[in-house]
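Trainee: One structure, as structure tokens, below. Some questions next.
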Amino acid sequence: MHLSTHNWMRAEPLETTVRRIRQFGYESIEISGEPDQYDVTETRALLKDTGMRCWGAVTLTLGERNLAAKDEGQRARSVDYVKSVITMVSELDGQVVTLVPATVGKVVPDATPEEEWAWVVEATKECFAHAQAKGVKIAIEPLNRFETYLFNRCAQALALADAVSPECGVCLDAYHLNMEESDIYAAIRLAGDRLFDFHVADNNRFAAGLGHLDWPKIVGTLKEIGYDGALTNEFVAPVDRTPAAIYPDMVETDPVDISPEQLQFIQDHGSSLLTEKFYADQMRITAETLLPLMK
């Protein structure tokens, strides 16, 4: 196992993120699934210069992106988007794309379970075929019920993976597991060798170590099933707007450029644009919590 991180949680140049995390012991990055934001040649050069690598990417299933959409054209555009993320990861020598099939934040279905299942299976199969051609793995990620109605548990993600291909896998996230699974460790064991990626944030979605999750037991269970991929940092710090705030200086008052869609995505997660100091501290705390356990 090695330590990785997402970078969508704060709008800043990729170089800033990469050079910061390197000093804390991170080995790779799971890059934000917005291919138009990255020049592949420049990104490859940056990773080489810093001794880092691309582990993969996560789809940012925002707005109209939805593999389970009722509208056929919307599904087709969503497939094209996922394919573009897969291509970017392939060109960056990454290994896995974490796929969130339905729009994040959409909690009401548009059709019957049978109709949506048929649509999402067909769309995911098309994405998977492209991934195989590009040498990239697909890992389907279940989210908690407040972010999606479609897949909330490991067994549900595995059902879609099974419908696509025995070589399709899943990604689990400790934060979502804590909310949706009756037994976090049983869910990890259920995934077994189909677990292609693992995201980390504590039960309160702060950095690992700032909540009540049992990280020694979680990492121990990952070792038990032979997981050898990344532990990818994905804290989404909830903003406290009351006088009881533990971190009163966590919100960035002078943000750099960020698209309205990305800003809305972060705010919909109960967070905001974070200051560089607070963000760096969360990166450091995760590393200090997890690296000793991964040896």
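Convention: chains lettered A, B, ... in structure tokens order; per-chain residue numbering from 1; ligands numbered from 1 as shown.
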Looking only at strand (DSSP E or B) from DSSP on the backbone, list the matching residues of region 23-208 of chain A as an MDAnalysis selection string.

Mentor: chainID A and resid 28:33 53:59 96:99 106 137:140 148 169:173 195:200

Trainee: How would the residues just chosen look if you wrote them out with N, CA and C atoms as a short mmCIF file (atom, residue, chain, number, x, y, z; two decimals), in the first residue's frame?

Mentor:
```
data_model
loop_
_atom_site.label_atom_id
_atom_site.label_comp_id
_atom_site.auth_asym_id
_atom_site.auth_seq_id
_atom_site.Cartn_x
_atom_site.Cartn_y
_atom_site.Cartn_z
N SER A 28 1.64 9.38 -4.63
CA SER A 28 0.90 9.54 -5.88
C SER A 28 -0.28 10.48 -5.68
N ILE A 29 -0.96 10.75 -6.79
CA ILE A 29 -2.15 11.59 -6.76
C ILE A 29 -3.25 10.92 -7.56
N GLU A 30 -4.47 11.00 -7.04
CA GLU A 30 -5.65 10.56 -7.78
C GLU A 30 -6.30 11.85 -8.30
N ILE A 31 -6.02 12.15 -9.53
CA ILE A 31 -6.26 13.48 -10.07
C ILE A 31 -7.74 13.74 -10.31
N SER A 32 -8.12 14.99 -10.15
CA SER A 32 -9.50 15.39 -10.35
C SER A 32 -9.97 15.04 -11.77
N GLY A 33 -11.17 14.49 -11.87
CA GLY A 33 -11.67 14.03 -13.16
C GLY A 33 -12.20 15.14 -14.05
N ARG A 53 3.70 10.12 -8.94
CA ARG A 53 3.05 9.42 -10.04
C ARG A 53 1.54 9.61 -9.95
N CYS A 54 0.88 9.34 -11.05
CA CYS A 54 -0.57 9.37 -11.08
C CYS A 54 -1.09 7.98 -10.72
N TRP A 55 -1.86 7.88 -9.64
CA TRP A 55 -2.49 6.62 -9.29
C TRP A 55 -3.74 6.41 -10.14
N GLY A 56 -4.47 7.48 -10.39
CA GLY A 56 -5.68 7.38 -11.20
C GLY A 56 -6.45 8.67 -11.15
N ALA A 57 -7.77 8.56 -11.25
CA ALA A 57 -8.64 9.74 -11.19
C ALA A 57 -10.00 9.32 -10.67
N VAL A 58 -10.74 10.29 -10.15
CA VAL A 58 -12.12 10.06 -9.74
C VAL A 58 -13.03 10.88 -10.65
N THR A 59 -14.12 10.27 -11.10
CA THR A 59 -15.07 11.02 -11.91
C THR A 59 -15.79 12.04 -11.03
N VAL A 96 -6.13 3.36 -12.30
CA VAL A 96 -7.54 3.13 -11.98
C VAL A 96 -8.35 4.41 -12.11
N VAL A 97 -9.59 4.25 -12.56
CA VAL A 97 -10.57 5.33 -12.53
C VAL A 97 -11.68 4.93 -11.58
N THR A 98 -11.87 5.75 -10.55
CA THR A 98 -12.97 5.55 -9.62
C THR A 98 -14.22 6.12 -10.25
N LEU A 99 -15.20 5.26 -10.47
CA LEU A 99 -16.40 5.65 -11.19
C LEU A 99 -17.59 5.79 -10.24
N LYS A 106 -27.88 13.84 -6.41
CA LYS A 106 -29.20 13.44 -6.92
C LYS A 106 -29.71 12.28 -6.07
N LYS A 137 -8.00 0.23 -15.01
CA LYS A 137 -9.05 -0.48 -14.25
C LYS A 137 -10.20 0.47 -13.93
N ILE A 138 -11.40 -0.11 -13.83
CA ILE A 138 -12.58 0.64 -13.39
C ILE A 138 -12.97 0.14 -12.00
N ALA A 139 -13.16 1.09 -11.07
CA ALA A 139 -13.58 0.77 -9.71
C ALA A 139 -14.84 1.56 -9.39
N ILE A 140 -15.96 0.87 -9.20
CA ILE A 140 -17.24 1.52 -8.94
C ILE A 140 -17.34 1.87 -7.47
N THR A 148 -26.30 10.00 -3.09
CA THR A 148 -26.87 9.28 -4.22
C THR A 148 -27.85 8.24 -3.72
N GLY A 169 -14.02 -3.73 -10.89
CA GLY A 169 -13.89 -3.77 -9.43
C GLY A 169 -14.66 -2.68 -8.74
N VAL A 170 -14.32 -2.47 -7.47
CA VAL A 170 -14.99 -1.46 -6.67
C VAL A 170 -13.96 -0.60 -5.95
N CYS A 171 -14.41 0.57 -5.55
CA CYS A 171 -13.64 1.45 -4.67
C CYS A 171 -14.49 1.67 -3.43
N LEU A 172 -13.89 1.56 -2.27
CA LEU A 172 -14.59 1.84 -1.03
C LEU A 172 -14.00 3.07 -0.36
N ASP A 173 -14.84 3.75 0.39
CA ASP A 173 -14.45 4.99 1.08
C ASP A 173 -14.84 4.83 2.54
N LEU A 195 -11.32 -5.19 -4.80
CA LEU A 195 -11.09 -3.84 -4.28
C LEU A 195 -9.89 -3.24 -5.01
N PHE A 196 -10.15 -2.23 -5.83
CA PHE A 196 -9.11 -1.62 -6.66
C PHE A 196 -8.63 -0.27 -6.12
N ASP A 197 -9.39 0.32 -5.17
CA ASP A 197 -9.02 1.63 -4.66
C ASP A 197 -9.70 1.80 -3.30
N PHE A 198 -9.09 2.62 -2.44
CA PHE A 198 -9.66 2.85 -1.11
C PHE A 198 -9.45 4.30 -0.72
N HIS A 199 -10.56 5.00 -0.43
CA HIS A 199 -10.51 6.41 -0.08
C HIS A 199 -10.61 6.58 1.43
N VAL A 200 -9.93 7.60 1.95
CA VAL A 200 -9.87 7.77 3.40
C VAL A 200 -10.27 9.17 3.84
#
```

Trainee: Tell me which protein, DNA and RNA residues are within 10 Å of Pro166 (chain A), counting only C-alpha atoms, leaving out same-chain ones fewer than 5 positions away, and put them as a list in words.

Mentor: Leu158, Ala161 and Arg194 of chain A

Trainee: Could you pull the residues within 10 Å of Leu290 (chain A), counting only C-alpha atoms, minus those fewer than 6 positions along the same chain, as a PyMOL selection string?

Mentor: chain A and resi 2-3+200+208-209+215-216+219+231

Trainee: Excluding same-chain residues fewer than 5 positions from Glu115 (chain A), what lies within 9 Å of it counting only C-alpha atoms, as a VMD selection string?

Mentor: chain A and resid 68 70 120

Trainee: Of the candidates A:Glu288, A:Glu116, A:Asp202, A:Glu27, which shows the shortest atom-to-atom distance to Val236 (chain A), using only C-alpha atoms?

Mentor: A:Asp202

Trainee: Excluding Asp214 (chain A) and its own-chain neighbours fewer than 3 positions away, which residues fall within 12 Å of it when counting only C-alpha atoms? Please give them as a list of chain:residue names.

Mentor: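 Near neighbours after the sequence-gap exclusion: A:Ala174, A:Tyr175, A:Asn178, A:Ile184, A:Tyr185, A:Val200, A:Ala201, A:Asp202, A:Asn203, A:Ala208, A:Gly209, A:Leu210, A:Gly211, A:Lys217, A:Ile218, A:Val219, A:Gly220, A:Thr221, A:Thr289, A:Leu290, A:Leu293.
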
Trainee: Go ahead and save the picked residues with N, CA and C atoms, as an mmCIF file, in the first residue's frame.

Mentor:
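Resulting contents of again16.cif:
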```
data_model
loop_
_atom_site.group_PDB
_atom_site.id
_atom_site.type_symbol
_atom_site.label_atom_id
_atom_site.label_comp_id
_atom_site.auth_asym_id
_atom_site.auth_seq_id
_atom_site.Cartn_x
_atom_site.Cartn_y
_atom_site.Cartn_z
ATOM 1 N N ALA A 174 -13.882 4.992 3.437
ATOM 2 C CA ALA A 174 -14.136 4.762 4.857
ATOM 3 C C ALA A 174 -15.266 5.635 5.384
ATOM 4 N N TYR A 175 -15.361 6.858 4.911
ATOM 5 C CA TYR A 175 -16.424 7.754 5.371
ATOM 6 C C TYR A 175 -17.802 7.205 5.018
ATOM 7 N N ASN A 178 -18.679 3.912 6.932
ATOM 8 C CA ASN A 178 -19.088 4.156 8.310
ATOM 9 C C ASN A 178 -20.573 4.500 8.396
ATOM 10 N N ILE A 184 -18.046 -2.428 8.773
ATOM 11 C CA ILE A 184 -17.055 -1.882 7.850
ATOM 12 C C ILE A 184 -16.088 -2.967 7.380
ATOM 13 N N TYR A 185 -15.637 -3.777 8.288
ATOM 14 C CA TYR A 185 -14.582 -4.757 7.985
ATOM 15 C C TYR A 185 -15.128 -5.900 7.134
ATOM 16 N N VAL A 200 -9.928 7.600 1.951
ATOM 17 C CA VAL A 200 -9.866 7.768 3.400
ATOM 18 C C VAL A 200 -10.274 9.170 3.841
ATOM 19 N N ALA A 201 -11.162 9.183 4.811
ATOM 20 C CA ALA A 201 -11.520 10.359 5.606
ATOM 21 C C ALA A 201 -12.148 9.794 6.863
ATOM 22 N N ASP A 202 -12.088 10.538 7.949
ATOM 23 C CA ASP A 202 -12.639 10.007 9.192
ATOM 24 C C ASP A 202 -14.164 10.120 9.196
ATOM 25 N N ASN A 203 -14.793 9.648 10.274
ATOM 26 C CA ASN A 203 -16.256 9.618 10.313
ATOM 27 C C ASN A 203 -16.871 11.006 10.170
ATOM 28 N N ALA A 208 -8.007 11.635 8.401
ATOM 29 C CA ALA A 208 -7.928 10.395 9.181
ATOM 30 C C ALA A 208 -7.178 10.666 10.479
ATOM 31 N N GLY A 209 -7.776 10.258 11.599
ATOM 32 C CA GLY A 209 -7.176 10.506 12.897
ATOM 33 C C GLY A 209 -7.888 11.571 13.693
ATOM 34 N N LEU A 210 -8.818 12.306 13.055
ATOM 35 C CA LEU A 210 -9.531 13.383 13.752
ATOM 36 C C LEU A 210 -10.966 12.987 14.085
ATOM 37 N N GLY A 211 -11.273 11.699 13.974
ATOM 38 C CA GLY A 211 -12.606 11.206 14.306
ATOM 39 C C GLY A 211 -12.498 9.937 15.116
ATOM 40 N N LYS A 217 -7.406 -1.005 12.681
ATOM 41 C CA LYS A 217 -8.210 -2.162 12.279
ATOM 42 C C LYS A 217 -8.578 -2.097 10.797
ATOM 43 N N ILE A 218 -8.865 -0.889 10.296
ATOM 44 C CA ILE A 218 -9.185 -0.731 8.875
ATOM 45 C C ILE A 218 -7.988 -1.125 8.016
ATOM 46 N N VAL A 219 -6.821 -0.562 8.332
ATOM 47 C CA VAL A 219 -5.622 -0.890 7.546
ATOM 48 C C VAL A 219 -5.268 -2.366 7.717
ATOM 49 N N GLY A 220 -5.444 -2.892 8.913
ATOM 50 C CA GLY A 220 -5.183 -4.310 9.139
ATOM 51 C C GLY A 220 -6.074 -5.204 8.303
ATOM 52 N N THR A 221 -7.344 -4.816 8.152
ATOM 53 C CA THR A 221 -8.265 -5.595 7.326
ATOM 54 C C THR A 221 -7.881 -5.506 5.857
ATOM 55 N N THR A 289 -1.196 9.787 10.540
ATOM 56 C CA THR A 289 -2.059 8.726 11.063
ATOM 57 C C THR A 289 -1.848 7.412 10.337
ATOM 58 N N LEU A 290 -1.723 7.459 9.022
ATOM 59 C CA LEU A 290 -1.765 6.237 8.215
ATOM 60 C C LEU A 290 -0.406 5.630 7.882
ATOM 61 N N LEU A 293 0.944 2.827 9.995
ATOM 62 C CA LEU A 293 0.133 1.603 9.960
ATOM 63 C C LEU A 293 0.363 0.788 8.702
#
```

Trainee: Which residues, written as a PDB file with N, CA and C atoms, in the first residue's frame, have at least one atom at most 12 Å from Glu147 (chain A), with only C-alpha atoms counted and residues fewer than 4 positions away on the same chain left out?

Mentor:
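Final output, part-v4.pdb:
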```pdb
ATOM      1  N   THR A  61     -18.916  13.496 -11.004  1.00  0.00           N
ATOM      2  CA  THR A  61     -20.212  13.291 -11.657  1.00  0.00           C
ATOM      3  C   THR A  61     -21.152  14.411 -11.239  1.00  0.00           C
ATOM      4  N   LEU A  62     -20.981  15.550 -11.890  1.00  0.00           N
ATOM      5  CA  LEU A  62     -21.705  16.775 -11.541  1.00  0.00           C
ATOM      6  C   LEU A  62     -22.726  17.107 -12.619  1.00  0.00           C
ATOM      7  N   VAL A 100     -18.115   7.003 -10.163  1.00  0.00           N
ATOM      8  CA  VAL A 100     -19.374   7.257  -9.472  1.00  0.00           C
ATOM      9  C   VAL A 100     -20.430   7.331 -10.571  1.00  0.00           C
ATOM     10  N   PRO A 101     -21.310   6.335 -10.696  1.00  0.00           N
ATOM     11  CA  PRO A 101     -22.161   6.246 -11.887  1.00  0.00           C
ATOM     12  C   PRO A 101     -23.219   7.334 -12.016  1.00  0.00           C
ATOM     13  N   ALA A 102     -23.823   7.759 -10.892  1.00  0.00           N
ATOM     14  CA  ALA A 102     -24.935   8.703 -10.961  1.00  0.00           C
ATOM     15  C   ALA A 102     -24.536  10.061 -10.397  1.00  0.00           C
ATOM     16  N   THR A 103     -25.278  11.079 -10.766  1.00  0.00           N
ATOM     17  CA  THR A 103     -24.992  12.445 -10.359  1.00  0.00           C
ATOM     18  C   THR A 103     -24.914  12.573  -8.845  1.00  0.00           C
ATOM     19  N   VAL A 104     -23.801  13.116  -8.364  1.00  0.00           N
ATOM     20  CA  VAL A 104     -23.639  13.328  -6.926  1.00  0.00           C
ATOM     21  C   VAL A 104     -24.620  14.408  -6.463  1.00  0.00           C
ATOM     22  N   GLY A 105     -25.371  14.090  -5.426  1.00  0.00           N
ATOM     23  CA  GLY A 105     -26.372  15.006  -4.918  1.00  0.00           C
ATOM     24  C   GLY A 105     -27.780  14.700  -5.399  1.00  0.00           C
ATOM     25  N   LYS A 106     -27.880  13.835  -6.410  1.00  0.00           N
ATOM     26  CA  LYS A 106     -29.201  13.441  -6.915  1.00  0.00           C
ATOM     27  C   LYS A 106     -29.709  12.281  -6.070  1.00  0.00           C
ATOM     28  N   VAL A 107     -30.801  12.488  -5.375  1.00  0.00           N
ATOM     29  CA  VAL A 107     -31.305  11.465  -4.452  1.00  0.00           C
ATOM     30  C   VAL A 107     -32.707  10.980  -4.808  1.00  0.00           C
ATOM     31  N   VAL A 108     -33.215  11.420  -5.964  1.00  0.00           N
ATOM     32  CA  VAL A 108     -34.538  10.982  -6.412  1.00  0.00           C
ATOM     33  C   VAL A 108     -34.401  10.349  -7.792  1.00  0.00           C
ATOM     34  N   GLU A 141     -17.661   3.135  -7.189  1.00  0.00           N
ATOM     35  CA  GLU A 141     -17.688   3.595  -5.799  1.00  0.00           C
ATOM     36  C   GLU A 141     -19.103   3.871  -5.309  1.00  0.00           C
ATOM     37  N   PRO A 142     -19.512   3.219  -4.215  1.00  0.00           N
ATOM     38  CA  PRO A 142     -20.784   3.569  -3.582  1.00  0.00           C
ATOM     39  C   PRO A 142     -20.618   4.777  -2.666  1.00  0.00           C
ATOM     40  N   LEU A 143     -21.599   5.662  -2.682  1.00  0.00           N
ATOM     41  CA  LEU A 143     -21.600   6.842  -1.824  1.00  0.00           C
ATOM     42  C   LEU A 143     -22.737   6.728  -0.807  1.00  0.00           C
ATOM     43  N   PHE A 151     -26.258   3.699  -5.439  1.00  0.00           N
ATOM     44  CA  PHE A 151     -25.379   2.712  -4.815  1.00  0.00           C
ATOM     45  C   PHE A 151     -24.848   3.274  -3.508  1.00  0.00           C
ATOM     46  N   ASN A 152     -25.133   2.589  -2.406  1.00  0.00           N
ATOM     47  CA  ASN A 152     -24.679   3.057  -1.100  1.00  0.00           C
ATOM     48  C   ASN A 152     -23.775   2.063  -0.390  1.00  0.00           C
ATOM     49  N   HIS A 176     -17.971   6.757   3.776  1.00  0.00           N
ATOM     50  CA  HIS A 176     -19.258   6.210   3.347  1.00  0.00           C
ATOM     51  C   HIS A 176     -19.528   4.858   4.005  1.00  0.00           C
ATOM     52  N   MET A 179     -21.101   5.131   7.354  1.00  0.00           N
ATOM     53  CA  MET A 179     -22.507   5.534   7.355  1.00  0.00           C
ATOM     54  C   MET A 179     -23.440   4.422   6.902  1.00  0.00           C
ATOM     55  N   GLU A 180     -23.000   3.610   5.945  1.00  0.00           N
ATOM     56  CA  GLU A 180     -23.931   2.719   5.256  1.00  0.00           C
ATOM     57  C   GLU A 180     -23.778   1.233   5.564  1.00  0.00           C
ATOM     58  N   PHE A 265     -20.071  21.893  -6.128  1.00  0.00           N
ATOM     59  CA  PHE A 265     -19.790  20.514  -5.716  1.00  0.00           C
ATOM     60  C   PHE A 265     -19.188  20.484  -4.313  1.00  0.00           C
ATOM     61  N   ASP A 268     -21.812  21.649  -1.775  1.00  0.00           N
ATOM     62  CA  ASP A 268     -22.828  20.620  -1.576  1.00  0.00           C
ATOM     63  C   ASP A 268     -22.348  19.522  -0.633  1.00  0.00           C
ATOM     64  N   HIS A 269     -21.032  19.395  -0.486  1.00  0.00           N
ATOM     65  CA  HIS A 269     -20.468  18.424   0.444  1.00  0.00           C
ATOM     66  C   HIS A 269     -20.367  18.997   1.870  1.00  0.00           C
ATOM     67  N   GLY A 270     -20.923  20.194   2.064  1.00  0.00           N
ATOM     68  CA  GLY A 270     -20.896  20.804   3.387  1.00  0.00           C
ATOM     69  C   GLY A 270     -19.595  21.509   3.685  1.00  0.00           C
TER      70      GLY A 270
END
```

Trainee: Compare A:Ala45, A:Leu273, A:Thr124, A:Ala129 by their minimum atom-to-atom distance to Ala11 (chain A), counting only C-alpha atoms, and give me the closest one.

Mentor: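 Closest to Ala11 (chain A) of all the choices is A:Leu273.
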
Trainee: Return as a PyMOL selection string the full set of residues in region 42-227 of chain A whose backbone-based DSSP assignment is alpha helix (DSSP H).

Mentor: chain A and resi 42-50+72-91+113-134+154-164+174-180+184-191+215-224

Trainee: Determine the nearest neighbour of Met52 (chain A) from the options A:Gly25, A:Gly135, A:Pro248, A:Gly192, counting only C-alpha atoms.

Mentor: A:Gly25

Trainee: Quick one: everything within 9 Å of Trp117 (chain A), counting only C-alpha atoms, minus sequence neighbours fewer than 5 positions away in the same chain. Send it as a list in words.

Mentor: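 Counting only the stated atoms, we get Ala68, Thr112, Glu122 and Leu160 of chain A.
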
Trainee: Using only C-alpha atoms, pick whichever of A:Cys154, A:Ile86, A:Ala159, A:Ile21 has the shortest atom-to-atom distance to Ala191 (chain A).

Mentor: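 Using only C-alpha atoms, the shortest distance to Ala191 (chain A) belongs to A:Cys154.
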
Trainee: Just checking: using only C-alpha atoms, which residue out of A:Val136, A:Gln156, A:Ala111, A:Cys168 ends up closest to Leu190 (chain A)?

Mentor: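 Of A:Val136, A:Gln156, A:Ala111, A:Cys168, the one nearest Leu190 (chain A), counting only C-alpha atoms, is A:Gln156.
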
Trainee: Find the distance between CA of Pro292 (chain A) and CA of Phe206 (chain A) and write it in Å to one decimal.

Mentor: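 One can read the CA of Pro292 (chain A) to CA of Phe206 (chain A) distance as 18.9 Å.
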
Trainee: Give me, please, the distance in Å between CA of Val164 (chain A) and CA of Ala118 (chain A), quoted to one decimal.

Mentor: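 Between CA of Val164 (chain A) and CA of Ala118 (chain A) the gap works out to 11.1 Å.
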